[in-house]
>>> print(open('start38.cif').read())   # mmCIF, C-alpha atoms
data_run
loop_
_atom_site.label_atom_id
_atom_site.label_comp_id
_atom_site.auth_asym_id
_atom_site.auth_seq_id
_atom_site.Cartn_x
_atom_site.Cartn_y
_atom_site.Cartn_z
CA MET A 1318 -39.57 -73.46 -58.07
CA GLN A 1319 -42.88 -72.35 -59.62
CA SER A 1320 -43.96 -74.24 -62.70
CA SER A 1321 -44.48 -72.23 -65.87
CA SER A 1322 -47.67 -74.23 -66.45
CA VAL A 1323 -49.43 -72.85 -63.34
CA PHE A 1324 -53.05 -72.22 -64.27
CA VAL A 1325 -53.93 -68.51 -64.36
CA PRO A 1326 -57.67 -68.03 -64.83
CA ASP A 1327 -59.27 -65.39 -67.00
CA VAL A 1328 -62.10 -65.05 -64.49
CA SER A 1329 -62.63 -66.17 -60.89
CA VAL A 1330 -66.04 -67.00 -59.44
CA ILE A 1331 -66.74 -67.16 -55.70
CA LEU A 1332 -69.40 -69.71 -54.78
CA PRO A 1333 -70.22 -69.53 -51.04
CA CYS A 1334 -71.71 -72.88 -49.98
CA ALA A 1335 -71.01 -72.86 -46.24
CA GLY A 1336 -74.29 -71.36 -45.03
CA SER A 1337 -76.73 -73.38 -42.93
CA ALA A 1338 -79.91 -71.98 -44.54
CA THR A 1339 -82.11 -72.43 -41.50
CA ARG A 1340 -85.15 -71.25 -43.51
CA PHE A 1341 -84.77 -74.20 -45.88
CA SER A 1342 -86.67 -77.04 -44.22
CA ALA A 1343 -85.16 -80.10 -45.91
CA PRO A 1344 -82.69 -82.81 -44.82
CA TYR A 1345 -80.22 -81.85 -47.56
CA SER A 1346 -78.35 -78.73 -48.64
CA LYS A 1347 -80.60 -76.14 -50.27
CA GLU A 1348 -78.46 -75.95 -53.41
CA LEU A 1349 -79.05 -79.67 -54.05
CA HIS A 1350 -82.82 -79.22 -54.21
CA CYS A 1351 -84.01 -80.99 -57.37
CA LEU A 1352 -85.76 -78.84 -59.99
CA ALA A 1353 -85.94 -81.48 -62.73
CA PRO A 1354 -84.55 -85.00 -63.20
CA GLY A 1355 -80.78 -84.67 -62.78
CA VAL A 1356 -80.91 -80.88 -62.38
CA THR A 1357 -80.47 -79.12 -59.05
CA VAL A 1358 -80.64 -75.49 -57.96
CA LEU A 1359 -76.84 -75.53 -57.96
CA ASP A 1360 -76.76 -76.61 -61.60
CA ARG A 1361 -79.08 -73.79 -62.54
CA SER A 1362 -77.12 -71.22 -60.54
CA LEU A 1363 -73.92 -72.25 -62.36
CA GLU A 1364 -75.38 -72.05 -65.88
CA ALA A 1365 -74.02 -68.55 -66.48
CA VAL A 1366 -70.61 -69.63 -65.15
CA VAL A 1367 -70.48 -72.61 -67.51
CA GLU A 1368 -71.47 -70.27 -70.33
CA LEU A 1369 -68.21 -68.38 -69.79
CA THR A 1370 -66.23 -71.52 -70.62
CA LYS A 1371 -68.16 -71.97 -73.87
CA ILE A 1372 -66.65 -68.77 -75.25
CA GLY A 1373 -63.16 -69.93 -74.32
CA LEU A 1374 -62.58 -68.32 -70.94
CA ASN A 1375 -60.62 -70.18 -68.28
CA VAL A 1376 -62.75 -70.06 -65.14
CA ARG A 1377 -61.62 -70.69 -61.57
CA LEU A 1378 -64.50 -71.60 -59.25
CA VAL A 1379 -63.60 -70.89 -55.63
CA VAL A 1380 -66.02 -72.91 -53.51
CA VAL A 1381 -66.38 -71.96 -49.84
CA PHE A 1382 -67.64 -74.87 -47.74
CA GLY A 1383 -68.19 -75.94 -44.16
CA PRO A 1384 -68.12 -79.35 -42.45
CA HIS A 1385 -71.84 -79.87 -43.11
CA LYS A 1386 -71.51 -79.37 -46.87
CA MET A 1387 -69.61 -82.46 -47.99
CA ASP A 1388 -72.62 -83.49 -50.07
CA THR A 1389 -72.21 -80.29 -52.09
CA VAL A 1390 -68.45 -80.79 -52.43
CA LYS A 1391 -69.06 -84.29 -53.78
CA TYR A 1392 -71.76 -83.10 -56.17
CA LEU A 1393 -69.49 -80.47 -57.70
CA ALA A 1394 -67.22 -83.21 -59.03
CA ARG A 1395 -69.40 -83.21 -62.14
CA TYR A 1396 -67.82 -79.87 -63.07
CA ALA A 1397 -64.22 -81.03 -62.74
CA GLU A 1398 -63.68 -81.18 -66.51
CA THR A 1399 -65.28 -77.79 -67.13
CA LEU A 1400 -64.03 -75.53 -64.34
CA GLN A 1401 -60.87 -75.26 -62.32
CA MET A 1402 -62.20 -75.74 -58.80
CA VAL A 1403 -60.56 -74.61 -55.58
CA PHE A 1404 -62.15 -75.47 -52.22
CA VAL A 1405 -61.74 -73.18 -49.23
CA TYR A 1406 -62.89 -74.06 -45.73
CA GLN A 1407 -64.77 -71.36 -43.83
CA ASN A 1408 -64.10 -71.18 -40.10
CA GLU A 1409 -67.29 -69.60 -38.81
CA SER A 1410 -65.69 -68.60 -35.52
CA SER A 1411 -63.17 -66.29 -37.20
CA GLU A 1412 -64.93 -65.42 -40.48
CA PRO A 1413 -68.70 -65.74 -39.95
CA ASP A 1414 -71.59 -65.12 -42.32
CA LEU A 1415 -71.61 -64.48 -46.05
CA ASP A 1416 -69.14 -61.60 -45.94
CA GLY A 1417 -66.75 -63.89 -44.05
CA ALA A 1418 -67.14 -66.56 -46.74
CA ILE A 1419 -66.19 -64.02 -49.41
CA ARG A 1420 -63.12 -62.95 -47.44
CA CYS A 1421 -62.06 -66.60 -47.17
CA ALA A 1422 -62.25 -66.98 -50.94
CA LEU A 1423 -60.58 -63.77 -52.08
CA PRO A 1424 -56.93 -64.90 -51.65
CA MET A 1425 -57.59 -67.67 -54.19
CA THR A 1426 -59.00 -65.38 -56.89
CA ARG A 1427 -57.21 -63.91 -59.88
CA GLY A 1428 -58.50 -61.54 -62.54
CA PRO A 1429 -62.02 -60.10 -62.46
CA VAL A 1430 -64.14 -61.78 -59.79
CA ALA A 1431 -67.81 -62.69 -59.80
CA LEU A 1432 -69.95 -63.52 -56.78
CA VAL A 1433 -72.49 -66.25 -57.56
CA LEU A 1434 -74.77 -67.60 -54.84
CA PRO A 1435 -75.68 -71.30 -55.01
CA ASP A 1436 -79.34 -70.74 -54.13
CA ILE A 1437 -79.98 -67.88 -56.57
CA VAL A 1438 -81.08 -68.70 -60.12
CA VAL A 1439 -81.17 -66.13 -62.91
CA SER A 1440 -83.99 -66.84 -65.33
CA GLY A 1441 -85.18 -65.60 -68.69
CA GLY A 1442 -84.00 -65.76 -72.28
CA ASP A 1443 -81.14 -63.35 -71.59
CA SER A 1444 -79.86 -65.17 -68.52
CA ALA A 1445 -77.07 -67.22 -70.11
CA GLY A 1446 -74.98 -64.22 -71.13
CA SER A 1447 -75.85 -62.03 -68.17
CA LEU A 1448 -72.73 -62.78 -66.15
CA LEU A 1449 -70.49 -62.15 -69.15
CA ALA A 1450 -72.21 -58.80 -69.66
CA ALA A 1451 -71.63 -57.88 -66.00
CA LEU A 1452 -67.96 -58.86 -66.24
CA ARG A 1453 -67.54 -56.71 -69.32
CA ASP A 1454 -69.14 -53.83 -67.41
CA THR A 1455 -66.28 -53.97 -64.91
CA GLU A 1456 -63.83 -52.89 -67.58
CA VAL A 1457 -65.55 -49.49 -67.60
CA THR A 1458 -67.14 -48.97 -64.17
CA GLY A 1459 -65.19 -51.44 -62.02
CA TRP A 1460 -68.44 -53.16 -61.03
CA GLY A 1461 -71.32 -54.88 -62.79
CA VAL A 1462 -74.51 -56.41 -61.45
CA VAL A 1463 -77.07 -58.84 -62.81
CA ALA A 1464 -80.38 -57.61 -61.42
CA ALA A 1465 -84.13 -58.02 -61.70
CA GLU A 1466 -86.74 -55.33 -61.25
CA GLU A 1467 -88.83 -55.68 -58.08
CA ARG A 1468 -91.32 -53.47 -56.28
CA ASP A 1469 -92.57 -55.87 -53.58
CA PRO A 1470 -91.24 -54.58 -50.23
CA SER A 1471 -91.33 -58.04 -48.66
CA VAL A 1472 -89.01 -59.38 -51.38
CA LEU A 1473 -86.64 -56.42 -51.27
CA ARG A 1474 -86.25 -56.78 -47.48
CA GLN A 1475 -84.77 -60.26 -48.04
CA MET A 1476 -82.41 -59.43 -50.88
CA GLY A 1477 -79.56 -57.20 -51.95
CA ALA A 1478 -81.69 -54.20 -52.85
CA LEU A 1479 -80.79 -51.75 -55.59
CA ALA A 1480 -82.07 -48.43 -56.86
CA VAL A 1481 -81.46 -48.78 -60.59
CA VAL A 1482 -81.56 -45.56 -62.57
CA GLU A 1483 -81.07 -44.69 -66.22
CA GLU A 1484 -78.33 -42.22 -67.07
CA ASP A 1485 -77.47 -41.29 -70.65
CA GLY A 1486 -79.21 -44.40 -71.91
CA ALA A 1487 -77.35 -46.75 -69.56
CA LEU A 1488 -78.59 -48.44 -66.41
CA THR A 1489 -76.57 -47.84 -63.26
CA VAL A 1490 -76.98 -48.41 -59.54
CA GLY A 1491 -77.85 -45.21 -57.71
CA ALA A 1492 -78.11 -46.80 -54.27
CA ALA A 1493 -77.61 -50.27 -52.80
CA THR A 1494 -77.94 -52.03 -49.48
CA ASP A 1495 -78.38 -55.57 -48.24
CA LYS A 1496 -81.79 -56.50 -46.81
CA PRO A 1497 -83.07 -52.97 -46.13
CA ALA A 1498 -85.49 -52.38 -43.25
CA ASP A 1499 -87.19 -49.73 -45.39
CA PRO A 1500 -87.08 -50.73 -49.07
CA ALA A 1501 -89.20 -47.84 -50.36
CA ALA A 1502 -86.31 -46.26 -52.29
CA TYR A 1503 -85.36 -49.46 -54.13
CA ASN A 1504 -86.71 -50.96 -57.33
CA ALA A 1505 -84.54 -54.04 -58.01
CA TYR A 1506 -82.27 -56.64 -56.44
CA TRP A 1507 -79.08 -58.31 -57.57
CA GLY A 1508 -78.54 -61.97 -58.41
CA MET A 1509 -74.85 -61.90 -59.40
CA VAL A 1510 -72.12 -59.33 -58.88
CA ALA A 1511 -68.89 -58.82 -60.84
CA ALA A 1512 -65.87 -56.77 -59.78
CA ALA A 1513 -62.66 -55.77 -61.51
CA GLU A 1514 -59.57 -57.36 -59.97
CA LYS A 1515 -58.51 -54.10 -58.32
CA GLU A 1516 -61.98 -53.72 -56.76
CA ALA A 1517 -62.51 -57.32 -55.64
CA HIS A 1518 -61.26 -56.68 -52.09
CA ARG A 1519 -64.51 -54.76 -51.51
CA LEU A 1520 -66.78 -57.68 -52.39
CA PRO A 1521 -67.50 -58.48 -48.71
CA ASP A 1522 -68.99 -54.98 -48.37
CA VAL A 1523 -71.68 -55.91 -50.91
CA VAL A 1524 -73.35 -58.04 -48.20
CA GLY A 1525 -71.91 -56.32 -45.13
CA LYS A 1526 -73.84 -54.35 -42.54
CA GLY A 1527 -73.01 -50.78 -41.58
CA VAL A 1528 -70.73 -50.20 -44.57
CA ASP A 1529 -71.13 -48.25 -47.79
CA SER A 1530 -71.99 -50.53 -50.68
CA PRO A 1531 -69.42 -50.59 -53.50
CA LEU A 1532 -72.25 -51.24 -55.95
CA VAL A 1533 -73.20 -47.56 -56.13
CA GLY A 1534 -72.26 -46.49 -59.65
CA ALA A 1535 -72.10 -50.05 -60.96
CA ALA A 1536 -73.44 -50.87 -64.39
CA ALA A 1537 -76.69 -52.82 -64.13
CA HIS A 1538 -77.74 -55.61 -66.47
CA LEU A 1539 -81.43 -56.43 -66.04
CA VAL A 1540 -82.79 -59.94 -66.61
CA ALA A 1541 -86.33 -61.30 -66.66
CA GLY A 1542 -86.22 -62.80 -63.20
CA ILE A 1543 -84.11 -63.97 -60.29
CA VAL A 1544 -85.36 -66.72 -57.99
CA ASN A 1545 -84.16 -67.23 -54.41
CA TYR A 1546 -84.44 -70.92 -53.53
CA ASN A 1547 -83.40 -70.46 -49.92
CA THR A 1548 -87.06 -71.05 -49.09
CA PRO A 1549 -88.46 -73.36 -51.79
CA ALA A 1550 -91.97 -72.79 -53.04
CA GLY A 1551 -94.59 -75.20 -51.96
#
>>> encode(input="start38.cif", output="structure tokens")
Amino acid sequence: MQSSSVFVPDVSVILPCAGSATRFSAPYSKELHCLAPGVTVLDRSLEAVVELTKIGLNVRLVVVFGPHKMDTVKYLARYAETLQMVFVYQNESSEPDLDGAIRCALPMTRGPVALVLPDIVVSGGDSAGSLLAALRDTEVTGWGVVAAEERDPSVLRQMGALAVVEEDGALTVGAATDKPADPAAYNAYWGMVAAAEKEAHRLPDVVGKGVDSPLVGAAAHLVAGIVNYNTPAG
């Protein structure tokens, strides 16, 4: 018999932590890289998620992990009183890569779903409410993205590239692709993605190859900057 007290979240957040990050040359997981005393990249990437709880939303964090990420699983215990956390194991042989991680997580999500990457940090004075803004966008367009403007082709080739256009005073995504070989048509990249519950099944296509991106037509919320810590500066 199902208990009437079963937790139903207002928002679900997928946090894929199973990647190996071969470009990150350190003996620990990239998301645990220290940015300040007691503050890691993972803490910074989750700031917008924690902000959702401060306005009273119940948030389910669906963490996708692999056998080499037990340090990250242990670290996330500090969020046990703030977020409802669900851990999903990714079998790389059957569901490889980032799109596979998202597919592993989707059965555990309820409500609108956000994709937050543990090595991507949204920065700037407007960063805290950026995820909430993207989630609210989904009520109208089905999709919302937190993005930063970028014109450097070398950066756009490594990111989820967007062509952000202004239509009737609103910013929308005119074109989108992941890590384009030719980024000339793109002027921004995304840091977080939000999808309405009925659209969430298409989240793997955001990072998939050879598929049409569901982000075309999404509302875009621009922030001051987005930093990829997969390859730390230095």
>>> residues_around(input="start38.cif", residues="His1385 of chain A", least_positions_apart="4", cutoff="10 Å", atoms="all atoms listed in the file", output="mmCIF file with C-alpha atoms, in the coordinates of the input")
data_model
loop_
_atom_site.group_PDB
_atom_site.id
_atom_site.type_symbol
_atom_site.label_atom_id
_atom_site.label_comp_id
_atom_site.auth_asym_id
_atom_site.auth_seq_id
_atom_site.Cartn_x
_atom_site.Cartn_y
_atom_site.Cartn_z
ATOM 1 C CA CYS A 1334 -71.710 -72.880 -49.980
ATOM 2 C CA ALA A 1335 -71.010 -72.860 -46.240
ATOM 3 C CA GLY A 1336 -74.290 -71.360 -45.030
ATOM 4 C CA SER A 1337 -76.730 -73.380 -42.930
ATOM 5 C CA TYR A 1345 -80.220 -81.850 -47.560
ATOM 6 C CA SER A 1346 -78.350 -78.730 -48.640
ATOM 7 C CA THR A 1389 -72.210 -80.290 -52.090
ATOM 8 C CA VAL A 1390 -68.450 -80.790 -52.430
#
>>> resolve_selection(input="start38.cif", expression="the PyMOL selection byres ((chain A and resi 1465-1473) around 8)", output="mmCIF file with C-alpha atoms, in the coordinates of the input")
data_model
loop_
_atom_site.group_PDB
_atom_site.id
_atom_site.type_symbol
_atom_site.label_atom_id
_atom_site.label_comp_id
_atom_site.auth_asym_id
_atom_site.auth_seq_id
_atom_site.Cartn_x
_atom_site.Cartn_y
_atom_site.Cartn_z
ATOM 1 C CA VAL A 1463 -77.070 -58.840 -62.810
ATOM 2 C CA ALA A 1464 -80.380 -57.610 -61.420
ATOM 3 C CA ARG A 1474 -86.250 -56.780 -47.480
ATOM 4 C CA GLN A 1475 -84.770 -60.260 -48.040
ATOM 5 C CA MET A 1476 -82.410 -59.430 -50.880
ATOM 6 C CA GLY A 1477 -79.560 -57.200 -51.950
ATOM 7 C CA ALA A 1478 -81.690 -54.200 -52.850
ATOM 8 C CA LYS A 1496 -81.790 -56.500 -46.810
ATOM 9 C CA PRO A 1497 -83.070 -52.970 -46.130
ATOM 10 C CA ASP A 1499 -87.190 -49.730 -45.390
ATOM 11 C CA PRO A 1500 -87.080 -50.730 -49.070
ATOM 12 C CA ALA A 1501 -89.200 -47.840 -50.360
ATOM 13 C CA TYR A 1503 -85.360 -49.460 -54.130
ATOM 14 C CA ASN A 1504 -86.710 -50.960 -57.330
ATOM 15 C CA ALA A 1505 -84.540 -54.040 -58.010
ATOM 16 C CA TYR A 1506 -82.270 -56.640 -56.440
ATOM 17 C CA TRP A 1507 -79.080 -58.310 -57.570
ATOM 18 C CA GLY A 1508 -78.540 -61.970 -58.410
ATOM 19 C CA LEU A 1539 -81.430 -56.430 -66.040
ATOM 20 C CA VAL A 1540 -82.790 -59.940 -66.610
ATOM 21 C CA ALA A 1541 -86.330 -61.300 -66.660
ATOM 22 C CA GLY A 1542 -86.220 -62.800 -63.200
ATOM 23 C CA ILE A 1543 -84.110 -63.970 -60.290
#
>>> closest_residue(input="start38.cif", among="A:Met1402, A:Cys1421, A:Met1387, A:Leu1378", to="Pro1521 of chain A", atoms="only C-alpha atoms")
A:Cys1421
>>> atom_distance(input="start38.cif", atom1="atom CA of Ala1517 of chain A", atom2="atom CA of Leu1449 of chain A")
16.4 Å
>>> atom_distance(input="start38.cif", atom1="atom CA of Pro1429 of chain A", atom2="atom CA of Ala1512 of chain A")
5.8 Å
>>> residues_around(input="start38.cif", residues="Asp1414 of chain A", least_positions_apart="4", cutoff="10 Å", atoms="all atoms listed in the file", output="PyMOL selection string")
chain A and resi 1333+1335-1337+1407-1410+1418-1419+1524-1525
>>> atom_distance(input="start38.cif", atom1="atom CA of Val1533 of chain A", atom2="atom CA of Val1490 of chain A")
5.2 Å
>>> resolve_selection(input="start38.cif", expression="the PyMOL selection byres ((chain A and resi 1437) around 9)", output="PyMOL selection string")
chain A and resi 1348+1358-1359+1361-1362+1433-1436+1438-1439+1508-1509+1543-1547
>>> closest_residue(input="start38.cif", among="A:Val1403, A:Val1379, A:Val1330, A:Val1356", to="Ala1513 of chain A", atoms="all atoms listed in the file")
A:Val1330
>>> closest_residue(input="start38.cif", among="A:Val1381, A:Ile1372, A:Val1325, A:Ala1537", to="Glu1483 of chain A", atoms="all atoms listed in the file")
A:Ala1537
>>> resolve_selection(input="start38.cif", expression="the PyMOL selection byres ((chain A and resi 1531) around 9)", output="PyMOL selection string")
chain A and resi 1460+1493+1516+1519-1520+1522-1523+1529-1530+1532-1535
>>> write_last_selection(input="start38.cif", atoms="C-alpha atoms", output="PDB file, keeping the file's coordinate frame")
ATOM      1  CA  TRP A1460     -68.440 -53.160 -61.030  1.00  0.00           C
ATOM      2  CA  ALA A1493     -77.610 -50.270 -52.800  1.00  0.00           C
ATOM      3  CA  GLU A1516     -61.980 -53.720 -56.760  1.00  0.00           C
ATOM      4  CA  ARG A1519     -64.510 -54.760 -51.510  1.00  0.00           C
ATOM      5  CA  LEU A1520     -66.780 -57.680 -52.390  1.00  0.00           C
ATOM      6  CA  ASP A1522     -68.990 -54.980 -48.370  1.00  0.00           C
ATOM      7  CA  VAL A1523     -71.680 -55.910 -50.910  1.00  0.00           C
ATOM      8  CA  ASP A1529     -71.130 -48.250 -47.790  1.00  0.00           C
ATOM      9  CA  SER A1530     -71.990 -50.530 -50.680  1.00  0.00           C
ATOM     10  CA  LEU A1532     -72.250 -51.240 -55.950  1.00  0.00           C
ATOM     11  CA  VAL A1533     -73.200 -47.560 -56.130  1.00  0.00           C
ATOM     12  CA  GLY A1534     -72.260 -46.490 -59.650  1.00  0.00           C
ATOM     13  CA  ALA A1535     -72.100 -50.050 -60.960  1.00  0.00           C
TER      14      ALA A1535
END
